[in-house]
Amino acid sequence: MSYEEWFETHAAKHKKIVDKLVAKGLSEDEIIDYFEYENMAKEEIDFCPLYKDNKKCHDMEKLNCYLCGCPNFRFDDKGLDEYNAKKILSKCDINNGSKLSHGGFIHQDCSKCTVPHHKAYVKKHLSLGWSEIMKECKVTK
């Protein structure tokens, strides 16, 4: 699956959940709390493939899944740049994490970064439209 395909699919899943919570009358704080890993793994098992294995993508006690797909992540399936004859498909706009080379491409490895998964960060950047928060992620040349 390309970054673009994941991005669009995830945006639709996120919107469906947020629309349901807004229709129930939940406040923004309640919506943020709903996206805590423990609740999401129980209530929204199809949101993330790791939920069914009771696995977290980041090793942290209080993981919030609202900003899955970090607003600092940048991607272009056609390539952002090139390094050592390999296309760079993704990077971090705040230079956090590391790079991963796989299949002739270079990808951003965000597995050790917890920045967007803290409740305070989510609250600071909150928009009920996930795509609005993530609008800078898709880079087009």
# chains A, B, ... in the order shown; residues from 1 in each chain; ligands from 1
>>> residues_around(residues="segment 83-98 of chain A", least_positions_apart="6", cutoff="8 Å", atoms="only C-alpha atoms", output="PyMOL selection string")
chain A and resi 72-77+104-113
>>> write_last_selection(atoms="N, CA and C atoms", output="mmCIF file, in the first residue's frame")
data_model
loop_
_atom_site.group_PDB
_atom_site.id
_atom_site.type_symbol
_atom_site.label_atom_id
_atom_site.label_comp_id
_atom_site.auth_asym_id
_atom_site.auth_seq_id
_atom_site.Cartn_x
_atom_site.Cartn_y
_atom_site.Cartn_z
ATOM 1 N N ASN A 72 3.842 15.889 11.492
ATOM 2 C CA ASN A 72 5.218 16.229 11.115
ATOM 3 C C ASN A 72 5.775 15.313 10.032
ATOM 4 N N PHE A 73 5.033 14.278 9.678
ATOM 5 C CA PHE A 73 5.439 13.316 8.659
ATOM 6 C C PHE A 73 5.220 13.930 7.277
ATOM 7 N N ARG A 74 6.173 13.765 6.398
ATOM 8 C CA ARG A 74 6.063 14.255 5.026
ATOM 9 C C ARG A 74 6.298 13.088 4.081
ATOM 10 N N PHE A 75 5.497 13.001 3.024
ATOM 11 C CA PHE A 75 5.676 11.910 2.074
ATOM 12 C C PHE A 75 5.321 12.343 0.660
ATOM 13 N N ASP A 76 5.899 11.625 -0.273
ATOM 14 C CA ASP A 76 5.546 11.717 -1.683
ATOM 15 C C ASP A 76 5.898 10.361 -2.294
ATOM 16 N N ASP A 77 4.889 9.641 -2.763
ATOM 17 C CA ASP A 77 5.121 8.310 -3.324
ATOM 18 C C ASP A 77 6.025 8.334 -4.548
ATOM 19 N N GLY A 104 15.097 -0.529 -1.881
ATOM 20 C CA GLY A 104 15.590 0.516 -2.767
ATOM 21 C C GLY A 104 15.052 1.905 -2.454
ATOM 22 N N PHE A 105 14.319 2.029 -1.345
ATOM 23 C CA PHE A 105 13.752 3.311 -0.942
ATOM 24 C C PHE A 105 14.188 3.648 0.477
ATOM 25 N N ILE A 106 14.116 4.924 0.798
ATOM 26 C CA ILE A 106 14.400 5.387 2.159
ATOM 27 C C ILE A 106 13.100 5.920 2.747
ATOM 28 N N HIS A 107 12.791 5.442 3.934
ATOM 29 C CA HIS A 107 11.570 5.816 4.636
ATOM 30 C C HIS A 107 11.918 6.406 5.996
ATOM 31 N N GLN A 108 11.027 7.222 6.505
ATOM 32 C CA GLN A 108 11.147 7.729 7.860
ATOM 33 C C GLN A 108 10.744 6.613 8.814
ATOM 34 N N ASP A 109 11.542 6.366 9.835
ATOM 35 C CA ASP A 109 11.207 5.389 10.870
ATOM 36 C C ASP A 109 10.754 6.168 12.111
ATOM 37 N N CYS A 110 9.476 6.134 12.368
ATOM 38 C CA CYS A 110 8.884 6.889 13.480
ATOM 39 C C CYS A 110 8.641 6.027 14.713
ATOM 40 N N SER A 111 9.085 4.794 14.689
ATOM 41 C CA SER A 111 8.728 3.852 15.749
ATOM 42 C C SER A 111 9.200 4.253 17.143
ATOM 43 N N LYS A 112 10.251 5.027 17.233
ATOM 44 C CA LYS A 112 10.758 5.435 18.553
ATOM 45 C C LYS A 112 10.276 6.841 18.950
ATOM 46 N N CYS A 113 9.517 7.486 18.094
ATOM 47 C CA CYS A 113 9.017 8.841 18.360
ATOM 48 C C CYS A 113 7.612 8.778 18.957
#
>>> residues_around(residues="Leu63 of chain A", least_positions_apart="4", cutoff="12 Å", atoms="only C-alpha atoms", output="PyMOL selection string")
chain A and resi 32-41+55-59+67-68+113-122
>>> write_last_selection(atoms="C-alpha atoms", output="PDB file, in the first residue's frame")
ATOM      1  CA  ILE A  32      -9.487  12.901  22.579  1.00  0.00           C
ATOM      2  CA  ASP A  33      -9.966  10.531  25.528  1.00  0.00           C
ATOM      3  CA  TYR A  34     -11.896   8.108  23.308  1.00  0.00           C
ATOM      4  CA  PHE A  35      -8.768   7.776  21.142  1.00  0.00           C
ATOM      5  CA  GLU A  36      -6.669   6.418  24.037  1.00  0.00           C
ATOM      6  CA  TYR A  37      -5.089   3.129  22.926  1.00  0.00           C
ATOM      7  CA  GLU A  38      -6.871   0.947  25.506  1.00  0.00           C
ATOM      8  CA  ASN A  39     -10.284   2.194  24.434  1.00  0.00           C
ATOM      9  CA  MET A  40      -9.578   2.139  20.711  1.00  0.00           C
ATOM     10  CA  ALA A  41      -8.208  -1.420  20.818  1.00  0.00           C
ATOM     11  CA  LYS A  55       0.188  -4.418  20.317  1.00  0.00           C
ATOM     12  CA  LYS A  56       1.187  -0.759  20.450  1.00  0.00           C
ATOM     13  CA  CYS A  57       3.065   0.966  17.632  1.00  0.00           C
ATOM     14  CA  HIS A  58       5.005   3.060  20.150  1.00  0.00           C
ATOM     15  CA  ASP A  59       6.350   1.969  23.523  1.00  0.00           C
ATOM     16  CA  LEU A  67      -2.880  11.661  15.524  1.00  0.00           C
ATOM     17  CA  CYS A  68      -1.912   8.314  14.056  1.00  0.00           C
ATOM     18  CA  CYS A 113       9.017   8.841  18.360  1.00  0.00           C
ATOM     19  CA  THR A 114       6.084   9.522  20.674  1.00  0.00           C
ATOM     20  CA  VAL A 115       5.573  13.252  19.917  1.00  0.00           C
ATOM     21  CA  PRO A 116       2.049  13.130  18.385  1.00  0.00           C
ATOM     22  CA  HIS A 117       0.734  10.476  20.779  1.00  0.00           C
ATOM     23  CA  HIS A 118       0.643  12.540  23.966  1.00  0.00           C
ATOM     24  CA  LYS A 119      -2.751  13.911  24.959  1.00  0.00           C
ATOM     25  CA  ALA A 120      -1.321  17.434  25.402  1.00  0.00           C
ATOM     26  CA  TYR A 121       0.065  17.428  21.842  1.00  0.00           C
ATOM     27  CA  VAL A 122      -3.246  16.206  20.439  1.00  0.00           C
TER      28      VAL A 122
END
>>> atom_distance(atom1="atom CA of Lys24 of chain A", atom2="atom CA of Ala11 of chain A")
20.0 Å
>>> select_by_dssp(residues="segment 45-121 of chain A", states="strand (DSSP E)", output="list in words")
Phe73, Arg74, Phe75, Asp81, Glu82, Tyr83, Lys86, Lys87, Ile88, Ser90, Lys91, Cys92, Ser98, Lys99, Leu100, Ser101, His102, Phe105, Ile106, His107, Gln108 and Asp109 of chain A
